[in-house]
$ cat final.cif   # mmCIF, C-alpha atoms
data_upload
loop_
_atom_site.label_atom_id
_atom_site.label_comp_id
_atom_site.auth_asym_id
_atom_site.auth_seq_id
_atom_site.Cartn_x
_atom_site.Cartn_y
_atom_site.Cartn_z
CA MET A 1 -51.34 68.72 52.62
CA ASP A 2 -49.99 69.52 56.08
CA VAL A 3 -50.02 72.60 58.29
CA LYS A 4 -46.43 73.52 57.33
CA THR A 5 -47.40 73.72 53.67
CA ILE A 6 -50.39 75.88 54.54
CA ALA A 7 -48.16 78.22 56.59
CA LYS A 8 -45.75 78.53 53.69
CA ARG A 9 -48.47 79.21 51.16
CA LEU A 10 -50.11 81.78 53.46
CA ALA A 11 -46.75 83.54 53.89
CA ASP A 12 -46.35 83.73 50.10
CA LEU A 13 -49.68 85.53 49.73
CA ASP A 14 -49.93 89.21 48.96
CA ILE A 15 -50.71 91.15 52.17
CA ASP A 16 -53.91 92.55 50.62
CA THR A 17 -55.26 89.00 50.47
CA ARG A 18 -54.83 88.91 54.25
CA ASP A 19 -56.80 92.17 54.63
CA GLY A 20 -53.58 93.99 55.49
CA TYR A 21 -52.75 91.83 58.48
CA ASP A 22 -49.33 90.35 58.98
CA PHE A 23 -49.51 86.72 59.98
CA ASP A 24 -47.04 85.18 62.36
CA TYR A 25 -46.80 81.40 62.31
CA GLN A 26 -45.87 78.86 64.92
CA ILE A 27 -46.21 75.11 64.61
CA ILE A 28 -47.33 73.48 67.81
CA PRO A 29 -46.10 69.91 67.88
CA GLY A 30 -48.24 67.16 69.28
CA GLU A 31 -50.25 64.10 68.36
CA GLU A 32 -52.27 66.47 66.21
CA GLU A 33 -50.12 69.14 64.58
CA VAL A 34 -51.52 72.63 65.02
CA LEU A 35 -50.59 75.83 63.22
CA GLN A 36 -50.87 78.89 65.42
CA ILE A 37 -51.49 82.05 63.41
CA SER A 38 -51.09 85.39 65.16
CA LEU A 39 -52.47 88.42 63.35
CA SER A 40 -50.52 91.63 63.77
CA ASP A 41 -51.64 93.52 66.91
CA ARG A 42 -53.98 90.68 67.79
CA GLU A 43 -51.41 88.29 69.23
CA GLU A 44 -53.49 87.74 72.38
CA ILE A 45 -56.18 85.86 70.48
CA PRO A 46 -54.54 83.72 67.81
CA VAL A 47 -56.24 81.48 65.29
CA TYR A 48 -55.36 77.79 65.39
CA LEU A 49 -55.51 75.71 62.25
CA THR A 50 -55.60 71.94 62.22
CA LEU A 51 -56.32 69.31 59.58
CA THR A 52 -58.61 66.35 59.90
CA ASP A 53 -59.25 63.60 57.34
CA THR A 54 -62.05 65.58 55.77
CA GLN A 55 -61.68 69.26 56.63
CA ILE A 56 -59.54 72.20 57.63
CA LEU A 57 -60.54 73.46 61.06
CA CYS A 58 -59.78 77.00 62.19
CA ILE A 59 -60.40 77.68 65.87
CA SER A 60 -60.10 80.73 68.11
CA TYR A 61 -60.53 80.22 71.84
CA LEU A 62 -62.66 82.78 73.57
CA TRP A 63 -62.92 82.15 77.31
CA ASP A 64 -62.95 79.47 79.96
CA GLU A 65 -65.96 78.25 81.88
CA GLU A 66 -64.65 79.99 84.99
CA GLU A 67 -64.62 83.40 83.28
CA ILE A 68 -68.40 83.32 82.85
CA LYS A 69 -70.55 85.03 85.48
CA PRO A 70 -72.67 82.14 86.73
CA SER A 71 -75.87 84.19 86.67
CA SER A 72 -75.30 85.17 83.01
CA LYS A 73 -74.51 81.76 81.59
CA ASN A 74 -77.99 81.02 80.31
CA GLU A 75 -78.29 84.38 78.60
CA MET A 76 -74.83 83.93 77.09
CA MET A 77 -75.75 80.52 75.66
CA GLU A 78 -78.90 81.95 74.12
CA MET A 79 -77.01 84.82 72.56
CA MET A 80 -74.53 82.35 71.08
CA LEU A 81 -77.38 80.40 69.50
CA ASP A 82 -78.93 83.61 68.17
CA MET A 83 -75.63 84.83 66.74
CA ASN A 84 -74.55 81.52 65.23
CA ILE A 85 -76.17 81.98 61.83
CA PRO A 86 -75.70 85.75 61.38
CA MET A 87 -72.00 85.51 62.26
CA PRO A 88 -70.18 85.16 58.93
CA LEU A 89 -68.33 81.89 58.28
CA SER A 90 -67.86 80.99 61.96
CA SER A 91 -69.84 79.14 64.60
CA PHE A 92 -69.64 78.89 68.38
CA SER A 93 -68.49 75.77 70.10
CA ARG A 94 -67.01 74.43 73.30
CA ILE A 95 -63.98 72.19 73.65
CA GLY A 96 -63.49 70.85 77.13
CA ASP A 97 -64.20 73.88 79.31
CA ARG A 98 -63.10 76.41 76.69
CA TYR A 99 -65.55 78.28 74.51
CA ALA A 100 -64.48 78.89 70.95
CA VAL A 101 -65.45 80.16 67.53
CA PHE A 102 -64.51 77.96 64.64
CA GLY A 103 -64.82 77.63 60.91
CA ALA A 104 -64.54 74.43 58.88
CA LEU A 105 -63.30 74.42 55.31
CA SER A 106 -63.05 71.78 52.64
CA LEU A 107 -59.60 70.30 52.18
CA ASN A 108 -59.79 71.58 48.59
CA SER A 109 -60.12 75.21 49.65
CA SER A 110 -57.87 77.73 47.96
CA ILE A 111 -55.17 79.43 50.04
CA GLU A 112 -57.04 82.75 49.54
CA ASP A 113 -60.16 81.19 51.06
CA ILE A 114 -58.13 79.97 54.02
CA ALA A 115 -56.64 83.45 54.53
CA HIS A 116 -60.12 84.99 54.32
CA GLU A 117 -61.39 82.47 56.86
CA ILE A 118 -58.57 83.28 59.29
CA VAL A 119 -59.13 87.04 59.17
CA THR A 120 -62.92 86.65 59.43
CA LEU A 121 -62.57 84.24 62.34
CA SER A 122 -60.28 86.68 64.15
CA ASP A 123 -62.79 89.51 63.58
CA ASN A 124 -65.60 87.29 64.87
CA ALA A 125 -63.61 86.28 67.96
CA LEU A 126 -62.96 89.91 68.92
CA ASP A 127 -66.58 90.91 68.18
CA SER A 128 -67.90 88.00 70.24
CA ILE A 129 -65.81 88.91 73.27
CA GLU A 130 -66.88 92.53 72.96
CA VAL A 131 -70.56 91.68 72.59
CA MET A 132 -70.54 89.17 75.43
CA SER A 133 -68.15 90.91 77.81
CA ASP A 134 -71.10 91.73 80.09
CA PHE A 135 -71.47 88.02 80.76
CA LEU A 136 -67.80 87.65 81.65
CA ASN A 137 -65.76 88.43 84.72
CA MET B 138 -76.20 52.35 70.23
CA SER B 139 -75.13 54.70 67.47
CA LEU B 140 -71.76 56.35 67.84
CA LEU B 141 -73.25 59.81 67.87
CA LYS B 142 -75.35 58.81 70.86
CA LYS B 143 -72.25 57.40 72.51
CA ILE B 144 -70.40 60.66 71.97
CA PHE B 145 -73.25 62.71 73.43
CA THR B 146 -73.57 60.36 76.38
CA ALA B 147 -69.85 60.72 77.00
CA PHE B 148 -70.18 64.52 76.83
CA ARG B 149 -72.98 64.43 79.39
CA GLY B 150 -71.04 62.03 81.55
CA GLY B 151 -68.38 64.69 81.98
CA ALA B 152 -65.72 63.13 79.77
CA ARG B 153 -65.37 66.54 78.17
CA GLU B 154 -62.10 67.44 79.80
CA ALA B 155 -59.52 68.13 77.14
CA GLY B 156 -57.14 65.25 76.71
CA GLU B 157 -59.60 62.67 77.94
CA ALA B 158 -60.53 60.39 75.10
CA ILE B 159 -64.27 60.41 74.46
CA VAL B 160 -64.15 57.58 72.01
CA ASP B 161 -61.36 55.15 72.64
CA ALA B 162 -59.09 54.01 69.85
CA ASN B 163 -60.75 50.62 69.98
CA SER B 164 -64.13 51.88 68.86
CA ILE B 165 -62.48 53.73 65.98
CA ARG B 166 -60.88 50.43 64.96
CA ILE B 167 -64.23 48.64 65.26
CA LEU B 168 -65.88 51.28 63.12
CA GLU B 169 -63.11 51.08 60.53
CA GLN B 170 -63.54 47.29 60.47
CA GLU B 171 -67.29 47.69 59.98
CA ILE B 172 -66.63 50.00 57.04
CA LYS B 173 -64.25 47.45 55.53
CA ASP B 174 -66.83 44.67 56.05
CA ALA B 175 -69.60 46.75 54.50
CA GLU B 176 -67.39 47.49 51.50
CA GLY B 177 -66.70 43.76 51.20
CA HIS B 178 -70.43 42.97 51.35
CA ILE B 179 -71.16 45.48 48.64
CA ALA B 180 -68.44 44.08 46.37
CA LYS B 181 -69.71 40.53 46.91
CA ALA B 182 -73.36 41.50 46.35
CA LYS B 183 -72.43 43.31 43.14
CA GLN B 184 -70.56 40.24 41.91
CA ASP B 185 -73.53 38.01 42.76
CA LEU B 186 -75.81 40.47 41.04
CA THR B 187 -73.79 40.22 37.82
CA THR B 188 -74.07 36.41 37.86
CA VAL B 189 -77.79 36.46 38.61
CA MET B 190 -78.50 39.05 35.94
CA ALA B 191 -76.53 36.99 33.41
CA LYS B 192 -78.62 33.93 34.29
CA GLU B 193 -81.78 36.02 34.03
CA MET B 194 -80.78 37.04 30.51
CA GLN B 195 -80.05 33.44 29.62
CA ALA B 196 -83.49 32.35 30.82
CA ASN B 197 -85.02 35.19 28.84
CA ARG B 198 -83.29 34.05 25.66
CA GLU B 199 -84.46 30.49 26.30
CA ILE B 200 -88.05 31.70 26.77
CA GLU B 201 -87.93 33.63 23.52
CA ARG B 202 -86.51 30.60 21.72
CA LEU B 203 -89.23 28.29 23.08
CA GLN B 204 -92.03 30.76 22.35
CA LYS B 205 -90.81 31.14 18.78
CA GLN B 206 -90.60 27.38 18.38
CA ILE B 207 -94.10 26.86 19.78
CA GLU B 208 -95.45 29.53 17.44
CA GLU B 209 -93.70 27.88 14.51
CA TYR B 210 -95.12 24.43 15.34
CA GLU B 211 -98.57 25.90 15.82
CA GLY B 212 -98.27 27.21 12.26
CA TYR B 213 -97.26 23.74 11.06
CA ALA B 214 -100.21 22.18 12.88
CA VAL B 215 -102.58 24.61 11.14
CA SER B 216 -101.05 23.71 7.77
CA ALA B 217 -101.42 19.97 8.52
CA LEU B 218 -105.06 20.49 9.47
CA ASP B 219 -105.58 22.52 6.31
CA LYS B 220 -104.28 19.60 4.33
CA GLY B 221 -106.62 17.33 6.29
CA ASP B 222 -103.70 15.39 7.78
CA GLU B 223 -105.11 14.90 11.28
CA ALA B 224 -102.43 12.34 12.26
CA LEU B 225 -99.55 14.73 11.43
CA ALA B 226 -101.39 17.56 13.19
CA THR B 227 -101.65 15.40 16.34
CA GLU B 228 -97.96 14.56 16.16
CA ILE B 229 -97.10 18.28 15.90
CA ALA B 230 -99.48 19.04 18.79
CA GLU B 231 -97.63 16.47 20.89
CA LYS B 232 -94.36 18.27 20.11
CA ILE B 233 -95.95 21.58 21.26
CA ALA B 234 -97.28 19.91 24.40
CA ALA B 235 -93.72 18.78 25.19
CA LEU B 236 -92.34 22.28 24.63
CA GLU B 237 -94.90 24.04 26.83
CA PRO B 238 -93.80 22.68 30.23
CA GLU B 239 -90.22 23.50 29.23
CA LEU B 240 -91.37 27.08 28.65
CA THR B 241 -93.11 27.15 32.02
CA VAL B 242 -89.93 25.96 33.73
CA GLN B 243 -87.89 28.65 32.01
CA GLN B 244 -90.45 31.31 32.93
CA GLU B 245 -90.36 30.24 36.55
CA THR B 246 -86.56 30.22 36.50
CA LYS B 247 -86.53 33.70 35.03
CA ALA B 248 -88.97 35.01 37.65
CA SER B 249 -86.85 33.55 40.41
CA PHE B 250 -83.63 35.14 39.02
CA SER B 251 -85.43 38.50 38.65
CA ALA B 252 -86.60 38.35 42.26
CA HIS B 253 -83.08 37.43 43.36
CA ALA B 254 -81.61 40.33 41.38
CA ASP B 255 -84.11 42.73 42.95
CA ARG B 256 -83.17 41.51 46.42
CA LEU B 257 -79.47 41.96 45.67
CA LYS B 258 -80.01 45.46 44.29
CA GLU B 259 -81.93 46.36 47.45
CA LEU B 260 -79.13 44.86 49.56
CA VAL B 261 -76.48 46.89 47.74
CA LYS B 262 -78.50 50.07 48.21
CA LYS B 263 -79.04 49.37 51.91
CA THR B 264 -75.40 48.50 52.51
CA GLU B 265 -74.27 51.60 50.67
CA ARG B 266 -76.49 53.72 52.90
CA GLN B 267 -75.09 51.95 55.92
CA LEU B 268 -71.56 52.47 54.65
CA ALA B 269 -72.15 56.20 54.19
CA GLU B 270 -73.53 56.33 57.73
CA TYR B 271 -70.48 54.50 59.16
CA LYS B 272 -68.19 56.87 57.29
CA ARG B 273 -70.07 59.91 58.56
CA GLN B 274 -69.83 58.60 62.12
CA LEU B 275 -66.15 57.87 61.71
CA VAL B 276 -65.58 61.45 60.54
CA MET B 277 -67.40 62.74 63.63
CA VAL B 278 -65.43 60.53 65.96
CA LYS B 279 -62.12 61.38 64.34
CA THR B 280 -62.90 65.10 64.32
CA THR B 281 -63.84 65.01 68.01
CA ASP B 282 -60.58 63.21 68.62
CA SER B 283 -58.42 65.63 66.57
CA VAL B 284 -59.98 68.71 68.11
CA GLN B 285 -59.33 67.38 71.59
CA LYS B 286 -55.76 66.48 70.72
CA ALA B 287 -55.22 69.87 69.12
CA THR B 288 -56.65 71.63 72.17
CA SER B 289 -54.44 69.70 74.54
CA ALA B 290 -51.38 70.40 72.35
CA ILE B 291 -52.24 74.11 72.50
CA SER B 292 -52.74 73.98 76.28
CA ASP B 293 -49.46 72.08 76.76
CA ASN B 294 -47.70 74.64 74.59
CA PHE B 295 -49.09 77.42 76.76
CA SER B 296 -48.06 75.84 80.04
CA SER B 297 -44.60 74.87 78.79
CA SER B 298 -43.91 78.39 77.51
CA ASN B 299 -44.96 79.69 80.96
CA SER B 300 -47.03 82.36 79.32
CA LYS B 301 -49.89 83.37 81.54
CA MET B 302 -53.25 82.82 79.97
CA MET B 303 -55.09 86.09 79.92
CA SER B 304 -58.82 86.29 80.30
CA ALA B 305 -60.85 87.06 77.20
CA THR B 306 -61.72 90.58 78.34
CA GLU B 307 -58.09 91.34 79.25
CA SER B 308 -56.95 90.13 75.85
CA LEU B 309 -59.54 92.24 74.09
CA GLU B 310 -58.53 95.30 76.13
CA ARG B 311 -54.91 94.87 75.14
CA ILE B 312 -55.78 94.44 71.49
CA LYS B 313 -57.99 97.52 71.56
CA GLN B 314 -55.22 99.48 73.33
CA LYS B 315 -52.77 98.51 70.58
CA GLN B 316 -55.30 99.53 67.96
CA LYS B 317 -55.79 102.85 69.78
CA ASN B 318 -52.04 103.46 69.99
CA PHE B 319 -51.79 102.80 66.32
CA ASP B 320 -54.67 105.16 65.54
CA ASP B 321 -53.14 107.85 67.78
CA LYS B 322 -49.79 107.53 66.05
CA LEU B 323 -51.50 107.75 62.71
CA LYS B 324 -53.38 110.88 63.78
CA ALA B 325 -50.21 112.47 65.18
CA ALA B 326 -48.38 111.76 61.96
CA GLU B 327 -51.23 113.24 59.94
CA ALA B 328 -51.33 116.36 62.11
CA LEU B 329 -47.59 116.77 61.78
CA GLU B 330 -47.75 116.46 58.06
CA ALA B 331 -50.60 118.95 57.82
CA GLU B 332 -48.65 121.43 59.95
CA SER B 333 -45.51 121.23 57.85
CA SER B 334 -47.42 121.63 54.62
CA ASP B 335 -49.24 124.68 56.14
CA SER B 336 -46.02 126.41 57.10
CA SER B 337 -44.43 125.89 53.73
CA LEU B 338 -47.49 127.41 52.08
CA GLU B 339 -47.29 130.47 54.33
CA GLU B 340 -43.63 130.78 53.47
CA LYS B 341 -44.46 130.95 49.78
CA MET B 342 -47.30 133.43 50.33
CA LYS B 343 -45.09 135.72 52.35
CA LYS B 344 -42.47 135.74 49.65
CA ALA B 345 -45.14 136.70 47.14
CA GLY B 346 -46.44 139.41 49.47
CA ILE B 347 -49.83 137.72 49.84
CA GLY B 348 -51.72 137.26 53.11
CA PRO B 349 -51.17 138.91 56.49
CA GLN B 350 -47.82 140.75 56.40
CA THR B 351 -45.56 140.93 59.40
CA THR B 352 -45.24 144.43 60.78
CA SER B 353 -41.89 146.10 60.36
CA ALA B 354 -40.45 149.28 62.00
CA SER B 355 -40.74 151.17 58.72
CA SER B 356 -44.40 150.35 58.30
CA VAL B 357 -45.11 151.46 61.92
CA LEU B 358 -43.33 154.74 61.27
CA GLU B 359 -45.36 155.24 58.08
CA ARG B 360 -48.53 154.76 60.11
CA ILE B 361 -47.50 157.26 62.81
CA LYS B 362 -46.54 159.84 60.20
CA ALA B 363 -49.86 159.43 58.48
CA LYS B 364 -51.71 159.98 61.83
CA LYS B 365 -49.65 163.04 62.63
CA GLY B 366 -50.24 164.60 59.22
CA ALA B 367 -54.01 164.14 59.59
#
$ encode --input "final.cif" --output "structure tokens"
Amino acid sequence: MDVKTIAKRLADLDIDTRDGYDFDYQIIPGEEEVLQISLSDREEIPVYLTLTDTQILCISYLWDEEEIKPSSKNEMMEMMLDMNIPMPLSSFSRIGDRYAVFGALSLNSSIEDIAHEIVTLSDNALDSIEVMSDFLN
Amino acid sequence: MSLLKKIFTAFRGGAREAGEAIVDANSIRILEQEIKDAEGHIAKAKQDLTTVMAKEMQANREIERLQKQIEEYEGYAVSALDKGDEALATEIAEKIAALEPELTVQQETKASFSAHADRLKELVKKTERQLAEYKRQLVMVKTTDSVQKATSAISDNFSSSNSKMMSATESLERIKQKQKNFDDKLKAAEALEAESSDSSLEEKMKKAGIGPQTTSASSVLERIKAKKGA
């Protein structure tokens, strides 16, 4: 399985399976191929999908280190820890200096599960920014 | 040092910048080699185990054979004694005495094979645990690596397309604005639809002479005449 196949199978899905969102796909070439999925009207915060040997990783980037108000960082970190379990299907992480929400799926996941993950992750990304906007510049 | 520790140490050491390899390709190769070696050890130990267990079974059969033989000769010795043939009984006893050390040797051999088999089984179990651990570490290392590569591909894509990276709050604002525009349009469309269905209803009612009637010159005149006559 590669990201192109996943894009094709997602595109073939009924729109209801994608919770009514149109997906727009772009393959980002590189040492590690990444599928960028933009949900309709949410193009600013896309979901990135990449494959590893053992799992499908879906990532949405939230903000950079420099966007955080220095005095709020501790509180922000604590809120992330508190929200990690209640937040459905996604977890917080940091890659380099970028904060992110991500979800990991088994390579055997159905295409419906992947679509559900993408929409949920997008919802979680927007909710997280909203909830934590007080900590951000 | 375990690889997980190495990764965390690298994170602390500031090697977190995207694109900077936390675990170099060499340590992935070393880990992959260790996995291969461990798999080789397990295969070899399992092969040895088969041989040892076969020898253990052989020794067991030999023990059973000797025990049966000894029992048999003991029976003969009893019969000889019953017949009062002391000389024959002694000869049979000598035969038993020769068999007994052979039995002891076989029993010792069997015990040593059993111990060996137990050690090999333990070794296989341990190596399998180790192998699972190596594999888990390799997954972590490779995932760290892929995520970093993916992130740098995404960043490169952003900078090459010259699109300005918006802040999280700006992005959210724009998304909310789009959502609001959409909701407004939806509301406007609904209002418009409601209006047009209202007016068509009124049209029908008017035709049927139901509801508030528009005043006409004749009706005004009727009213004035009625007042005057009163």
$ residues_around --input "final.cif" --residues "segment 75-81 of chain A" --least-positions-apart "4" --cutoff "7 Å" --atoms "only C-alpha atoms" --output "tab-separated table (two decimals) with C-alpha atoms, keeping the file's coordinate frame"
chain	number	residue	atom	x	y	z
A	92	PHE	CA	-69.64	78.89	68.38
A	132	MET	CA	-70.54	89.17	75.43
A	135	PHE	CA	-71.47	88.02	80.76
$ resolve_selection --input "final.cif" --expression "the PyMOL selection byres ((chain A) within 6 of (chain B))" --output "PyMOL selection string"
chain A and resi 30+32+42+44+62-63+96
$ atom_distance --input "final.cif" --atom1 "atom CA of Phe250 of chain B" --atom2 "atom CA of Leu186 of chain B"
9.7 Å
$ closest_residue --input "final.cif" --among "A:Val3, A:Ala100, A:Val119, A:Leu105" --to "Ile28 of chain A" --atoms "only C-alpha atoms"
A:Val3
$ resolve_selection --input "final.cif" --expression "the PyMOL selection byres ((chain B and resi 258) around 12)" --output "PyMOL selection string"
chain B and resi 179-187+189-190+251-257+259-265
$ residues_around --input "final.cif" --residues "Glu237 of chain B" --least-positions-apart "3" --cutoff "9 Å" --atoms "all atoms listed in the file" --output "ChimeraX atom specification"
/B:203-204,207,232-234,240-242
$ resolve_selection --input "final.cif" --expression "the PyMOL selection byres ((chain A and resi 21) around 12)" --output "PyMOL selection string"
chain A and resi 10-11+13-20+22-24+37-43+115-116+118-120+122-123
$ write_last_selection --input "final.cif" --atoms "C-alpha atoms" --output "JSON list (two decimals), keeping the file's coordinate frame"
[["chain", "number", "residue", "atom", "x", "y", "z"],
["A", 10, "LEU", "CA", -50.11, 81.78, 53.46],
["A", 11, "ALA", "CA", -46.75, 83.54, 53.89],
["A", 13, "LEU", "CA", -49.68, 85.53, 49.73],
["A", 14, "ASP", "CA", -49.93, 89.21, 48.96],
["A", 15, "ILE", "CA", -50.71, 91.15, 52.17],
["A", 16, "ASP", "CA", -53.91, 92.55, 50.62],
["A", 17, "THR", "CA", -55.26, 89.00, 50.47],
["A", 18, "ARG", "CA", -54.83, 88.91, 54.25],
["A", 19, "ASP", "CA", -56.80, 92.17, 54.63],
["A", 20, "GLY", "CA", -53.58, 93.99, 55.49],
["A", 22, "ASP", "CA", -49.33, 90.35, 58.98],
["A", 23, "PHE", "CA", -49.51, 86.72, 59.98],
["A", 24, "ASP", "CA", -47.04, 85.18, 62.36],
["A", 37, "ILE", "CA", -51.49, 82.05, 63.41],
["A", 38, "SER", "CA", -51.09, 85.39, 65.16],
["A", 39, "LEU", "CA", -52.47, 88.42, 63.35],
["A", 40, "SER", "CA", -50.52, 91.63, 63.77],
["A", 41, "ASP", "CA", -51.64, 93.52, 66.91],
["A", 42, "ARG", "CA", -53.98, 90.68, 67.79],
["A", 43, "GLU", "CA", -51.41, 88.29, 69.23],
["A", 115, "ALA", "CA", -56.64, 83.45, 54.53],
["A", 116, "HIS", "CA", -60.12, 84.99, 54.32],
["A", 118, "ILE", "CA", -58.57, 83.28, 59.29],
["A", 119, "VAL", "CA", -59.13, 87.04, 59.17],
["A", 120, "THR", "CA", -62.92, 86.65, 59.43],
["A", 122, "SER", "CA", -60.28, 86.68, 64.15],
["A", 123, "ASP", "CA", -62.79, 89.51, 63.58]]
$ atom_distance --input "final.cif" --atom1 "atom CA of Ile6 of chain A" --atom2 "atom CA of Asn124 of chain A"
21.6 Å
$ atom_distance --input "final.cif" --atom1 "atom CA of Thr146 of chain B" --atom2 "atom CA of Gln274 of chain B"
14.8 Å
